[in-house]
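Below is one structure; the comments refer to it alone.
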Number of protein chains: 2
Amino acid sequence: MSGWLVIAGLGPGDENLVTPDVRQALDGATDVVGYIPYVARVAPRDGLTLHPSDNRVEMDRSRHALEMVAKGRRVVVVSSGDPGVFAMASAVFQAVESGPLAWRELDIRVAPGITAMLAAAAQAGAPLGHDFCAINLSDNLKPWPLIEKRLRLAAEADFAMAFYNPRSKARPEGFVKTLHVLNEVCADARPVIFARCVSTPEQDISVVPLPEARPEMADMRTLVIVGSSTTRVITREGAPIVYTPRSVVA
Amino acid sequence: MSGWLVIAGLGPGDENLVTPDVRQALDGATDVVGYIPYVARVAPRDGLTLHPSDNRVEMDRSRHALEMVAKGRRVVVVSSGDPGVFAMASAVFQAVESGPLAWRELDIRVAPGITAMLAAAAQAGAPLGHDFCAINLSDNLKPWPLIEKRLRLAAEADFAMAFYNPRSKARPEGFVKTLHVLNEVCADARPVIFARCVSTPEQDISVVPLPEARPEMADMRTLVIVGSSTTRVITREGAPIVYTPRSVVA
């Protein structure tokens, strides 16, 4: 009766982007825990109990998983993308830190996955081919002034930027302000990629110059990538290719 | 005779971290092109020609691959990690842009992989669980003053940071300066993770407070992660867990 916990990344949606490492963890699990649509990606089978739960209960879900592991269950906590990028790994470790000391000695590991920004970048070309940053635009998790400060400094540093959770119905104004700040600081026509539902049948990718980017081009299922000042667009008959050269000449 | 090019990421080393998508591309290829140690990870078979080449010939390698695709070959360009992160995808698209116009209409796609920073983060806990940036510290590819500017702005933005190519024998001084800048700007004891050869048999991971980080702790096979001001270390009997909470309280 030796339990374990794997915090696993299911990738952006395409089953061909799930690593064998994650597949093996799921095959050996007694319990799978996670947000409803992610648990729905795991095939039911005898001996496996699925524990889907709603959004915004990450700490409860983490404690539940740890309690089961302490009782000897083999538990996989699933995230989409990579569990270490704006996902469940941080929540589980926060629960470990604030929980019973015995939880620290449990067998816990993180199984990485293809995170949305890298899947989106791959579809668009290579916009993250030089230095870049990743920012979660949800102000559920931090105050807006910190987000704005990071946007300004990231633009000044000339990073390409990937935005997770750019916009929701509950807080439509954050992404309006984001585009305003970027236009003010960047003051150019660098490409912006809106990548919705990457690697799923509903995938939709568009590329527009920054001044033409509109808030309604994004929703919660969109990953937004903003190029750096050096990012290039290759036009052709099909969709354009967006890439950031690896080198900056002095 | 319809050729294609897949620019594929082999992940950090563990074959269980190679996606089925990449595996299928390799199974369907006639030619594999890449840096010697990455091509060595592809099993030889009848009908497959391996084209290993040395480091620093990325543009030649890209043009060679594109020429073969134009002749109808099915070519995989391999990178370790993810091809879109400081790897071959940008080089190939630069070759496309500067090459014959017909190259723009070739069938080219990027197959993402597990990039080193996410594999390293998974081994250490979840240090990239909040906003973060990725910087290539090699000054082969950009002038040092730009690197230093980005380090200072990234620290001011309070990003966690992942450093690729922190140090080589040919340029040992860059990482010395990096640690100097970080200690000056951060002025605290946030954790620094040195993750060498992640997911391979030689994997070696250590965590030290920033003031105790030493240049010789890194080499070209090391991925370095520096926490943000909020990054936590959970001590326990085994290796410590490093994670950055998802939330910042106002």
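Naming works like this for the structure tokens: A, B, ... for the chains as they're shown, residue 1 at the start of each chain, ligands 1 onward in shown order.
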
Neighbouring residues of range 106-117 of chain B were defined as those with any atom within 7 Å, considering only C-alpha atoms; residues of the same chain fewer than 2 positions away were excluded. Please report them as a CSV table (one decimal) with C-alpha atoms, in the first residue's frame.
chain,number,residue,atom,x,y,z
A,113,GLY,CA,3.4,18.3,-21.0
A,114,ILE,CA,3.3,20.5,-24.1
A,118,LEU,CA,4.6,26.2,-27.3
A,119,ALA,CA,1.8,24.4,-29.2
A,122,ALA,CA,4.6,25.7,-33.4
A,123,GLN,CA,1.4,26.3,-35.3
A,125,GLY,CA,6.0,29.3,-36.9
B,4,TRP,CA,7.5,17.6,-46.4
B,5,LEU,CA,9.5,19.0,-43.5
B,6,VAL,CA,8.8,18.5,-39.9
B,7,ILE,CA,10.9,20.5,-37.4
B,8,ALA,CA,10.6,18.2,-34.4
B,9,GLY,CA,11.4,18.4,-30.7
B,10,LEU,CA,12.9,15.3,-29.1
B,11,GLY,CA,12.4,16.6,-25.6
B,12,PRO,CA,15.2,16.8,-23.0
B,17,LEU,CA,9.1,12.4,-23.1
B,18,VAL,CA,9.0,12.2,-26.9
B,19,THR,CA,5.5,12.8,-28.2
B,21,ASP,CA,3.4,13.1,-33.0
B,22,VAL,CA,7.2,13.4,-33.2
B,81,GLY,CA,13.7,20.0,-26.2
B,82,ASP,CA,11.2,22.1,-28.2
B,83,PRO,CA,12.3,23.3,-31.7
B,103,TRP,CA,10.4,27.4,-50.5
B,104,ARG,CA,7.5,29.4,-48.9
B,119,ALA,CA,11.5,19.4,-17.7
B,120,ALA,CA,13.8,21.0,-15.2
B,121,ALA,CA,10.9,22.8,-13.5
B,162,ALA,CA,14.9,30.3,-17.0
B,223,LEU,CA,19.4,24.8,-17.4

What are the residues of chain A lining chain B at 7 Å or less? Count only C-alpha atoms, and put the answer as a count of residues only. 55

I'd like the neighbourhood of Pro172 in chain B as a list of chain:residue names, where a residue qualifies if any of its atoms comes within 12 Å (using only C-alpha atoms), though same-chain residues fewer than 2 positions away should be ignored.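 The filter keeps B:Leu137, B:Ser138, B:Asp139, B:Asn165, B:Pro166, B:Arg167, B:Ser168, B:Lys169, B:Ala170, B:Gly174, B:Phe175, B:Val176, B:Lys177, B:Thr178, B:Arg214, B:Pro215, B:Glu216, B:Met217, B:Ala218, B:Asp219, B:Met220.
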
Near Ser62 in chain A, within 7 Å and counting only C-alpha atoms, which residues show up once chain neighbours fewer than 2 positions away are dropped, as a VMD selection string? chain A and resid 58 to 60 64 to 66 91 to 92 95

Test item, strand (DSSP E) assignment across range 2-248 of chain A, answer as a VMD selection string: chain A and resid 4 to 9 31 to 35 49 to 53 74 to 79 108 to 111 125 to 126 132 to 136 160 to 164 191 to 196 204 to 209 222 to 226 232 to 234 241 to 243

Store the residues picked out above in a file with C-alpha atoms, as a tab-separated table (two decimals), in the first residue's frame.
chain	number	residue	atom	x	y	z
A	4	TRP	CA	2.03	8.01	-5.27
A	5	LEU	CA	1.00	11.25	-6.91
A	6	VAL	CA	1.82	12.27	-10.47
A	7	ILE	CA	0.85	15.82	-11.47
A	8	ALA	CA	0.52	15.30	-15.20
A	9	GLY	CA	0.21	17.52	-18.26
A	31	ASP	CA	-7.66	7.77	-9.20
A	32	VAL	CA	-7.64	10.75	-11.54
A	33	VAL	CA	-8.39	14.20	-10.16
A	34	GLY	CA	-8.88	17.47	-12.05
A	35	TYR	CA	-11.03	20.10	-13.66
A	49	THR	CA	-12.02	6.26	-10.25
A	50	LEU	CA	-12.46	9.64	-11.94
A	51	HIS	CA	-12.86	12.69	-9.67
A	52	PRO	CA	-13.85	15.66	-11.86
A	53	SER	CA	-14.31	18.98	-10.07
A	74	ARG	CA	-2.06	5.96	-6.91
A	75	VAL	CA	-3.33	9.35	-7.99
A	76	VAL	CA	-2.86	11.43	-11.14
A	77	VAL	CA	-3.80	15.10	-10.98
A	78	VAL	CA	-4.38	16.22	-14.57
A	79	SER	CA	-3.86	19.66	-16.09
A	108	ILE	CA	5.09	13.13	-5.66
A	109	ARG	CA	6.38	13.99	-9.11
A	110	VAL	CA	5.46	16.29	-11.99
A	111	ALA	CA	5.13	14.81	-15.51
A	125	GLY	CA	6.04	29.27	-36.94
A	126	ALA	CA	8.61	30.15	-34.26
A	132	PHE	CA	10.40	35.61	-24.28
A	133	CYS	CA	8.12	35.79	-21.27
A	134	ALA	CA	4.85	34.17	-20.23
A	135	ILE	CA	2.23	36.19	-18.35
A	136	ASN	CA	-1.11	35.05	-16.95
A	160	ALA	CA	8.23	38.25	-27.17
A	161	MET	CA	5.25	37.63	-24.86
A	162	ALA	CA	2.80	34.77	-24.44
A	163	PHE	CA	-0.45	35.55	-22.62
A	164	TYR	CA	-2.46	32.87	-20.85
A	191	PRO	CA	2.61	40.70	-35.22
A	192	VAL	CA	0.10	39.42	-32.67
A	193	ILE	CA	-1.01	35.78	-32.86
A	194	PHE	CA	-4.44	34.74	-31.57
A	195	ALA	CA	-4.39	30.97	-31.21
A	196	ARG	CA	-7.70	29.47	-30.11
A	204	ASP	CA	-8.38	28.88	-35.16
A	205	ILE	CA	-5.24	30.92	-35.59
A	206	SER	CA	-4.99	34.48	-36.84
A	207	VAL	CA	-2.14	36.94	-37.14
A	208	VAL	CA	-2.68	40.70	-37.08
A	209	PRO	CA	-0.42	43.73	-36.66
A	222	THR	CA	-7.17	31.71	-26.67
A	223	LEU	CA	-3.43	31.86	-26.23
A	224	VAL	CA	-2.05	35.22	-27.39
A	225	ILE	CA	1.54	35.71	-28.55
A	226	VAL	CA	2.95	39.18	-29.16
A	232	ARG	CA	9.19	38.64	-38.78
A	233	VAL	CA	6.18	37.63	-40.85
A	234	ILE	CA	6.72	35.54	-43.99
A	241	ILE	CA	4.71	32.17	-40.93
A	242	VAL	CA	5.70	34.21	-37.86
A	243	TYR	CA	9.18	33.75	-36.43

As a PyMOL selection string, please: all residues of range 42-158 of chain A that backbone DSSP puts in helix (DSSP H, G or I). chain A and resi 58-70+88-98+101-105+116-124+144-156
